[in-house]
$ cat target-v8.cif   # mmCIF, N, CA and C atoms
data_data
loop_
_atom_site.group_PDB
_atom_site.id
_atom_site.type_symbol
_atom_site.label_atom_id
_atom_site.label_comp_id
_atom_site.auth_asym_id
_atom_site.auth_seq_id
_atom_site.Cartn_x
_atom_site.Cartn_y
_atom_site.Cartn_z
ATOM 1 N N SER A 504 35.209 62.693 34.997
ATOM 2 C CA SER A 504 36.624 62.396 35.139
ATOM 3 C C SER A 504 36.812 61.061 35.834
ATOM 4 N N LYS A 505 37.897 60.398 35.526
ATOM 5 C CA LYS A 505 38.193 59.098 36.112
ATOM 6 C C LYS A 505 38.933 59.287 37.429
ATOM 7 N N THR A 506 38.655 58.416 38.377
ATOM 8 C CA THR A 506 39.331 58.434 39.661
ATOM 9 C C THR A 506 40.593 57.590 39.569
ATOM 10 N N ASP A 507 41.697 58.101 40.092
ATOM 11 C CA ASP A 507 42.957 57.366 40.105
ATOM 12 C C ASP A 507 42.844 56.209 41.098
ATOM 13 N N PRO A 508 43.020 54.975 40.631
ATOM 14 C CA PRO A 508 42.852 53.814 41.514
ATOM 15 C C PRO A 508 44.086 53.474 42.355
ATOM 16 N N THR A 509 45.145 54.265 42.246
ATOM 17 C CA THR A 509 46.413 53.908 42.875
ATOM 18 C C THR A 509 46.285 53.641 44.369
ATOM 19 N N THR A 510 45.672 54.544 45.110
ATOM 20 C CA THR A 510 45.619 54.355 46.565
ATOM 21 C C THR A 510 44.752 53.153 46.941
ATOM 22 N N ALA A 511 43.675 52.918 46.221
ATOM 23 C CA ALA A 511 42.840 51.742 46.508
ATOM 24 C C ALA A 511 43.624 50.458 46.251
ATOM 25 N N ILE A 512 44.400 50.433 45.191
ATOM 26 C CA ILE A 512 45.225 49.261 44.874
ATOM 27 C C ILE A 512 46.282 49.067 45.956
ATOM 28 N N LEU A 513 46.943 50.138 46.361
ATOM 29 C CA LEU A 513 47.960 50.031 47.412
ATOM 30 C C LEU A 513 47.358 49.565 48.731
ATOM 31 N N GLN A 514 46.171 50.045 49.077
ATOM 32 C CA GLN A 514 45.508 49.593 50.306
ATOM 33 C C GLN A 514 45.199 48.100 50.234
ATOM 34 N N ALA A 515 44.711 47.640 49.098
ATOM 35 C CA ALA A 515 44.395 46.222 48.929
ATOM 36 C C ALA A 515 45.662 45.368 49.002
ATOM 37 N N LEU A 516 46.725 45.828 48.360
ATOM 38 C CA LEU A 516 47.997 45.103 48.415
ATOM 39 C C LEU A 516 48.543 45.044 49.844
ATOM 40 N N ARG A 517 48.477 46.177 50.531
ATOM 41 C CA ARG A 517 48.956 46.229 51.921
ATOM 42 C C ARG A 517 48.170 45.247 52.783
ATOM 43 N N GLN A 518 46.853 45.223 52.624
ATOM 44 C CA GLN A 518 46.014 44.315 53.404
ATOM 45 C C GLN A 518 46.384 42.857 53.118
ATOM 46 N N TYR A 519 46.549 42.518 51.855
ATOM 47 C CA TYR A 519 46.895 41.153 51.471
ATOM 48 C C TYR A 519 48.255 40.756 52.057
ATOM 49 N N VAL A 520 49.249 41.619 51.887
ATOM 50 C CA VAL A 520 50.612 41.314 52.342
ATOM 51 C C VAL A 520 50.659 41.162 53.862
ATOM 52 N N THR A 521 50.055 42.092 54.584
ATOM 53 C CA THR A 521 50.102 42.021 56.041
ATOM 54 C C THR A 521 49.288 40.836 56.562
ATOM 55 N N ARG A 522 48.209 40.511 55.886
ATOM 56 C CA ARG A 522 47.409 39.341 56.283
ATOM 57 C C ARG A 522 48.235 38.057 56.188
ATOM 58 N N HIS A 523 49.222 38.057 55.310
ATOM 59 C CA HIS A 523 50.079 36.888 55.138
ATOM 60 C C HIS A 523 51.401 37.016 55.907
ATOM 61 N N GLY A 524 51.471 37.956 56.855
ATOM 62 C CA GLY A 524 52.592 38.041 57.773
ATOM 63 C C GLY A 524 53.815 38.784 57.286
ATOM 64 N N ALA A 525 53.680 39.539 56.226
ATOM 65 C CA ALA A 525 54.823 40.282 55.694
ATOM 66 C C ALA A 525 54.601 41.783 55.859
ATOM 67 N N THR A 526 55.645 42.539 55.603
ATOM 68 C CA THR A 526 55.565 43.996 55.648
ATOM 69 C C THR A 526 55.472 44.519 54.223
ATOM 70 N N PHE A 527 54.489 45.338 53.967
ATOM 71 C CA PHE A 527 54.298 45.926 52.644
ATOM 72 C C PHE A 527 55.124 47.196 52.542
ATOM 73 N N CYS A 528 55.994 47.265 51.546
ATOM 74 C CA CYS A 528 56.843 48.435 51.298
ATOM 75 C C CYS A 528 56.658 48.867 49.849
ATOM 76 N N VAL A 529 56.924 50.141 49.599
ATOM 77 C CA VAL A 529 56.746 50.690 48.261
ATOM 78 C C VAL A 529 57.997 51.453 47.848
ATOM 79 N N GLY A 530 58.415 51.252 46.608
ATOM 80 C CA GLY A 530 59.470 52.052 46.013
ATOM 81 C C GLY A 530 58.832 53.056 45.074
ATOM 82 N N VAL A 531 59.206 54.310 45.212
ATOM 83 C CA VAL A 531 58.672 55.347 44.333
ATOM 84 C C VAL A 531 59.767 55.847 43.405
ATOM 85 N N ASN A 532 59.353 56.315 42.270
ATOM 86 C CA ASN A 532 60.299 56.767 41.257
ATOM 87 C C ASN A 532 59.901 58.165 40.829
ATOM 88 N N GLY A 533 60.389 59.138 41.571
ATOM 89 C CA GLY A 533 60.015 60.519 41.300
ATOM 90 C C GLY A 533 59.118 61.044 42.399
ATOM 91 N N HIS A 534 59.092 62.349 42.534
ATOM 92 C CA HIS A 534 58.319 62.988 43.594
ATOM 93 C C HIS A 534 56.842 63.039 43.237
ATOM 94 N N ASP A 535 56.015 62.561 44.149
ATOM 95 C CA ASP A 535 54.558 62.626 44.000
ATOM 96 C C ASP A 535 54.010 62.913 45.394
ATOM 97 N N ALA A 536 53.742 64.180 45.679
ATOM 98 C CA ALA A 536 53.340 64.602 47.028
ATOM 99 C C ALA A 536 52.100 63.864 47.508
ATOM 100 N N ALA A 537 51.110 63.692 46.652
ATOM 101 C CA ALA A 537 49.878 63.016 47.061
ATOM 102 C C ALA A 537 50.158 61.568 47.443
ATOM 103 N N LEU A 538 50.962 60.885 46.649
ATOM 104 C CA LEU A 538 51.307 59.498 46.948
ATOM 105 C C LEU A 538 52.117 59.408 48.239
ATOM 106 N N GLU A 539 53.104 60.279 48.396
ATOM 107 C CA GLU A 539 53.927 60.265 49.606
ATOM 108 C C GLU A 539 53.084 60.573 50.845
ATOM 109 N N ASN A 540 52.140 61.491 50.744
ATOM 110 C CA ASN A 540 51.239 61.783 51.869
ATOM 111 C C ASN A 540 50.404 60.559 52.219
ATOM 112 N N PHE A 541 49.899 59.877 51.200
ATOM 113 C CA PHE A 541 49.127 58.655 51.428
ATOM 114 C C PHE A 541 49.977 57.608 52.134
ATOM 115 N N LEU A 542 51.187 57.363 51.631
ATOM 116 C CA LEU A 542 52.063 56.355 52.232
ATOM 117 C C LEU A 542 52.403 56.703 53.675
ATOM 118 N N ASN A 543 52.661 57.962 53.942
ATOM 119 C CA ASN A 543 52.942 58.390 55.313
ATOM 120 C C ASN A 543 51.714 58.233 56.203
ATOM 121 N N ARG A 544 50.565 58.622 55.706
ATOM 122 C CA ARG A 544 49.323 58.547 56.480
ATOM 123 C C ARG A 544 48.996 57.100 56.863
ATOM 124 N N TRP A 545 49.276 56.164 55.964
ATOM 125 C CA TRP A 545 48.994 54.754 56.205
ATOM 126 C C TRP A 545 50.199 54.003 56.783
ATOM 127 N N ASN A 546 51.258 54.744 57.139
ATOM 128 C CA ASN A 546 52.470 54.135 57.721
ATOM 129 C C ASN A 546 53.029 53.019 56.841
ATOM 130 N N ILE A 547 53.056 53.271 55.541
ATOM 131 C CA ILE A 547 53.618 52.310 54.599
ATOM 132 C C ILE A 547 55.066 52.706 54.344
ATOM 133 N N PRO A 548 56.012 51.844 54.730
ATOM 134 C CA PRO A 548 57.419 52.160 54.475
ATOM 135 C C PRO A 548 57.658 52.323 52.975
ATOM 136 N N HIS A 549 58.421 53.341 52.622
ATOM 137 C CA HIS A 549 58.689 53.581 51.209
ATOM 138 C C HIS A 549 60.054 54.246 51.032
ATOM 139 N N LEU A 550 60.601 54.080 49.857
ATOM 140 C CA LEU A 550 61.872 54.706 49.542
ATOM 141 C C LEU A 550 61.848 55.256 48.131
ATOM 142 N N ASP A 551 62.633 56.281 47.946
ATOM 143 C CA ASP A 551 62.726 56.946 46.649
ATOM 144 C C ASP A 551 63.798 56.257 45.823
ATOM 145 N N LEU A 552 63.414 55.727 44.696
ATOM 146 C CA LEU A 552 64.345 55.031 43.801
ATOM 147 C C LEU A 552 64.674 55.870 42.568
ATOM 148 N N SER A 553 64.510 57.166 42.679
ATOM 149 C CA SER A 553 64.816 58.056 41.562
ATOM 150 C C SER A 553 66.317 58.080 41.303
ATOM 151 N N THR A 554 66.673 57.972 40.047
ATOM 152 C CA THR A 554 68.069 58.062 39.631
ATOM 153 C C THR A 554 68.131 58.473 38.168
ATOM 154 N N ASN A 555 69.220 59.100 37.816
ATOM 155 C CA ASN A 555 69.461 59.455 36.415
ATOM 156 C C ASN A 555 70.213 58.362 35.674
ATOM 157 N N LEU A 556 70.492 57.258 36.344
ATOM 158 C CA LEU A 556 71.217 56.147 35.726
ATOM 159 C C LEU A 556 70.237 55.345 34.859
ATOM 160 N N ARG A 557 69.981 55.879 33.675
ATOM 161 C CA ARG A 557 68.968 55.310 32.790
ATOM 162 C C ARG A 557 69.525 55.094 31.386
ATOM 163 N N LEU A 558 68.849 54.231 30.657
ATOM 164 C CA LEU A 558 69.191 54.018 29.257
ATOM 165 C C LEU A 558 68.773 55.234 28.444
ATOM 166 N N LYS A 559 69.305 55.336 27.255
ATOM 167 C CA LYS A 559 68.936 56.416 26.360
ATOM 168 C C LYS A 559 67.422 56.402 26.181
ATOM 169 N N GLY A 560 66.800 57.541 26.275
ATOM 170 C CA GLY A 560 65.350 57.642 26.236
ATOM 171 C C GLY A 560 64.773 57.906 27.610
ATOM 172 N N GLY A 561 65.529 57.545 28.648
ATOM 173 C CA GLY A 561 65.193 57.942 29.995
ATOM 174 C C GLY A 561 64.180 57.138 30.765
ATOM 175 N N TRP A 562 63.614 56.055 30.226
ATOM 176 C CA TRP A 562 62.579 55.346 30.964
ATOM 177 C C TRP A 562 63.155 54.205 31.795
ATOM 178 N N HIS A 563 63.946 53.330 31.196
ATOM 179 C CA HIS A 563 64.465 52.143 31.893
ATOM 180 C C HIS A 563 65.812 52.435 32.538
ATOM 181 N N TRP A 564 66.039 51.821 33.697
ATOM 182 C CA TRP A 564 67.343 51.964 34.343
ATOM 183 C C TRP A 564 68.408 51.260 33.520
ATOM 184 N N SER A 565 69.594 51.812 33.538
ATOM 185 C CA SER A 565 70.747 51.170 32.915
ATOM 186 C C SER A 565 71.228 50.050 33.837
ATOM 187 N N ALA A 566 72.253 49.317 33.424
ATOM 188 C CA ALA A 566 72.832 48.283 34.293
ATOM 189 C C ALA A 566 73.303 48.919 35.604
ATOM 190 N N ALA A 567 73.960 50.075 35.505
ATOM 191 C CA ALA A 567 74.410 50.774 36.713
ATOM 192 C C ALA A 567 73.218 51.232 37.549
ATOM 193 N N GLY A 568 72.149 51.657 36.891
ATOM 194 C CA GLY A 568 70.938 52.071 37.593
ATOM 195 C C GLY A 568 70.292 50.916 38.331
ATOM 196 N N ASN A 569 70.215 49.752 37.679
ATOM 197 C CA ASN A 569 69.656 48.570 38.336
ATOM 198 C C ASN A 569 70.480 48.172 39.549
ATOM 199 N N SER A 570 71.780 48.248 39.416
ATOM 200 C CA SER A 570 72.661 47.927 40.548
ATOM 201 C C SER A 570 72.451 48.910 41.691
ATOM 202 N N TRP A 571 72.351 50.211 41.361
ATOM 203 C CA TRP A 571 72.136 51.235 42.377
ATOM 204 C C TRP A 571 70.806 51.016 43.089
ATOM 205 N N VAL A 572 69.752 50.733 42.314
ATOM 206 C CA VAL A 572 68.433 50.499 42.893
ATOM 207 C C VAL A 572 68.456 49.271 43.808
ATOM 208 N N ALA A 573 69.096 48.203 43.360
ATOM 209 C CA ALA A 573 69.190 46.997 44.188
ATOM 210 C C ALA A 573 69.890 47.303 45.512
ATOM 211 N N ASP A 574 70.958 48.082 45.457
ATOM 212 C CA ASP A 574 71.663 48.463 46.692
ATOM 213 C C ASP A 574 70.772 49.291 47.604
ATOM 214 N N GLN A 575 69.998 50.208 47.028
ATOM 215 C CA GLN A 575 69.094 51.042 47.820
ATOM 216 C C GLN A 575 68.029 50.192 48.513
ATOM 217 N N ILE A 576 67.475 49.236 47.781
ATOM 218 C CA ILE A 576 66.445 48.363 48.351
ATOM 219 C C ILE A 576 67.039 47.490 49.453
ATOM 220 N N GLU A 577 68.204 46.932 49.207
ATOM 221 C CA GLU A 577 68.844 46.081 50.221
ATOM 222 C C GLU A 577 69.102 46.865 51.505
ATOM 223 N N THR A 578 69.658 48.057 51.383
ATOM 224 C CA THR A 578 69.927 48.894 52.553
ATOM 225 C C THR A 578 68.624 49.239 53.270
ATOM 226 N N PHE A 579 67.604 49.604 52.518
ATOM 227 C CA PHE A 579 66.288 49.933 53.076
ATOM 228 C C PHE A 579 65.746 48.762 53.905
ATOM 229 N N LEU A 580 65.794 47.566 53.337
ATOM 230 C CA LEU A 580 65.284 46.392 54.034
ATOM 231 C C LEU A 580 66.139 46.031 55.244
ATOM 232 N N GLN A 581 67.456 46.160 55.112
ATOM 233 C CA GLN A 581 68.348 45.856 56.235
ATOM 234 C C GLN A 581 68.123 46.799 57.407
ATOM 235 N N THR A 582 68.032 48.096 57.137
ATOM 236 C CA THR A 582 67.902 49.061 58.225
ATOM 237 C C THR A 582 66.558 48.931 58.936
ATOM 238 N N ARG A 583 65.589 48.340 58.289
ATOM 239 C CA ARG A 583 64.276 48.135 58.905
ATOM 240 C C ARG A 583 64.106 46.706 59.417
ATOM 241 N N HIS A 584 65.183 45.924 59.334
ATOM 242 C CA HIS A 584 65.184 44.535 59.810
ATOM 243 C C HIS A 584 64.066 43.721 59.157
ATOM 244 N N LEU A 585 63.936 43.881 57.846
ATOM 245 C CA LEU A 585 62.880 43.194 57.103
ATOM 246 C C LEU A 585 63.384 42.005 56.291
ATOM 247 N N LEU A 586 64.666 41.689 56.422
ATOM 248 C CA LEU A 586 65.212 40.538 55.700
ATOM 249 C C LEU A 586 65.194 39.310 56.610
ATOM 250 N N GLU A 587 65.138 38.150 56.005
ATOM 251 C CA GLU A 587 65.145 36.905 56.752
ATOM 252 C C GLU A 587 66.431 36.796 57.580
ATOM 253 N N PRO A 588 66.339 36.220 58.776
ATOM 254 C CA PRO A 588 67.563 35.993 59.563
ATOM 255 C C PRO A 588 68.565 35.171 58.739
ATOM 256 N N GLY A 589 69.808 35.552 58.809
ATOM 257 C CA GLY A 589 70.846 34.862 58.069
ATOM 258 C C GLY A 589 71.008 35.324 56.630
ATOM 259 N N TYR A 590 70.230 36.350 56.208
ATOM 260 C CA TYR A 590 70.349 36.857 54.832
ATOM 261 C C TYR A 590 71.744 37.398 54.611
ATOM 262 N N ARG A 591 72.321 37.038 53.482
ATOM 263 C CA ARG A 591 73.618 37.591 53.081
ATOM 264 C C ARG A 591 73.541 37.951 51.625
ATOM 265 N N SER A 592 74.030 39.149 51.292
ATOM 266 C CA SER A 592 73.975 39.577 49.893
ATOM 267 C C SER A 592 75.077 38.935 49.083
#
$ encode --input "target-v8.cif" --output "structure tokens"
Amino acid sequence: SKTDPTTAILQALRQYVTRHGATFCVGVNGHDAALENFLNRWNIPHLDLSTNLRLKGGWHWSAAGNSWVADQIETFLQTRHLLEPGYRS
């Protein structure tokens, strides 16, 4: 069986981002207990971007979905003080 490389990739990304002075955050789309446990264990900030605001077929976000996701990300970053000083939406 093949090993899922997701956590190794996330660890490498986190190391790269933090080495360059930034905070590594992850947006998840749907419940994945193993992934959420990993993110919590490694203290990686993350937010759930699950929404039903999708185009027909259910994979891509609709215009309203993209707007909702953008608002969620902005709020997430603001509440954690991760935006540049003077940032205005």
$ closest_residue --input "target-v8.cif" --among "A:Arg583, A:Pro508, A:His523, A:Asn555" --to "Leu538 in chain A" --atoms "only C-alpha atoms"
A:Pro508
$ atom_distance --input "target-v8.cif" --atom1 "CA of Leu586 in chain A" --atom2 "CA of His549 in chain A"
15.3 Å
$ select_by_dssp --input "target-v8.cif" --residues "chain A" --states "alpha helix (DSSP H)" --output "ChimeraX atom specification"
/A:509-522,536-544,566-582
$ closest_residue --input "target-v8.cif" --among "A:Leu550, A:Asn532, A:Trp545, A:Gln514" --to "Phe579 in chain A" --atoms "only N, CA and C atoms"
A:Leu550
$ select_by_dssp --input "target-v8.cif" --residues "chain A" --states "strand (DSSP E)" --output "VMD selection string"
chain A and resid 529 to 531 549 to 551
$ atom_distance --input "target-v8.cif" --atom1 "atom C of Gly561 in chain A" --atom2 "atom N of Asp535 in chain A"
16.6 Å
$ atom_distance --input "target-v8.cif" --atom1 "atom C of Arg557 in chain A" --atom2 "CA of Ser570 in chain A"
12.0 Å
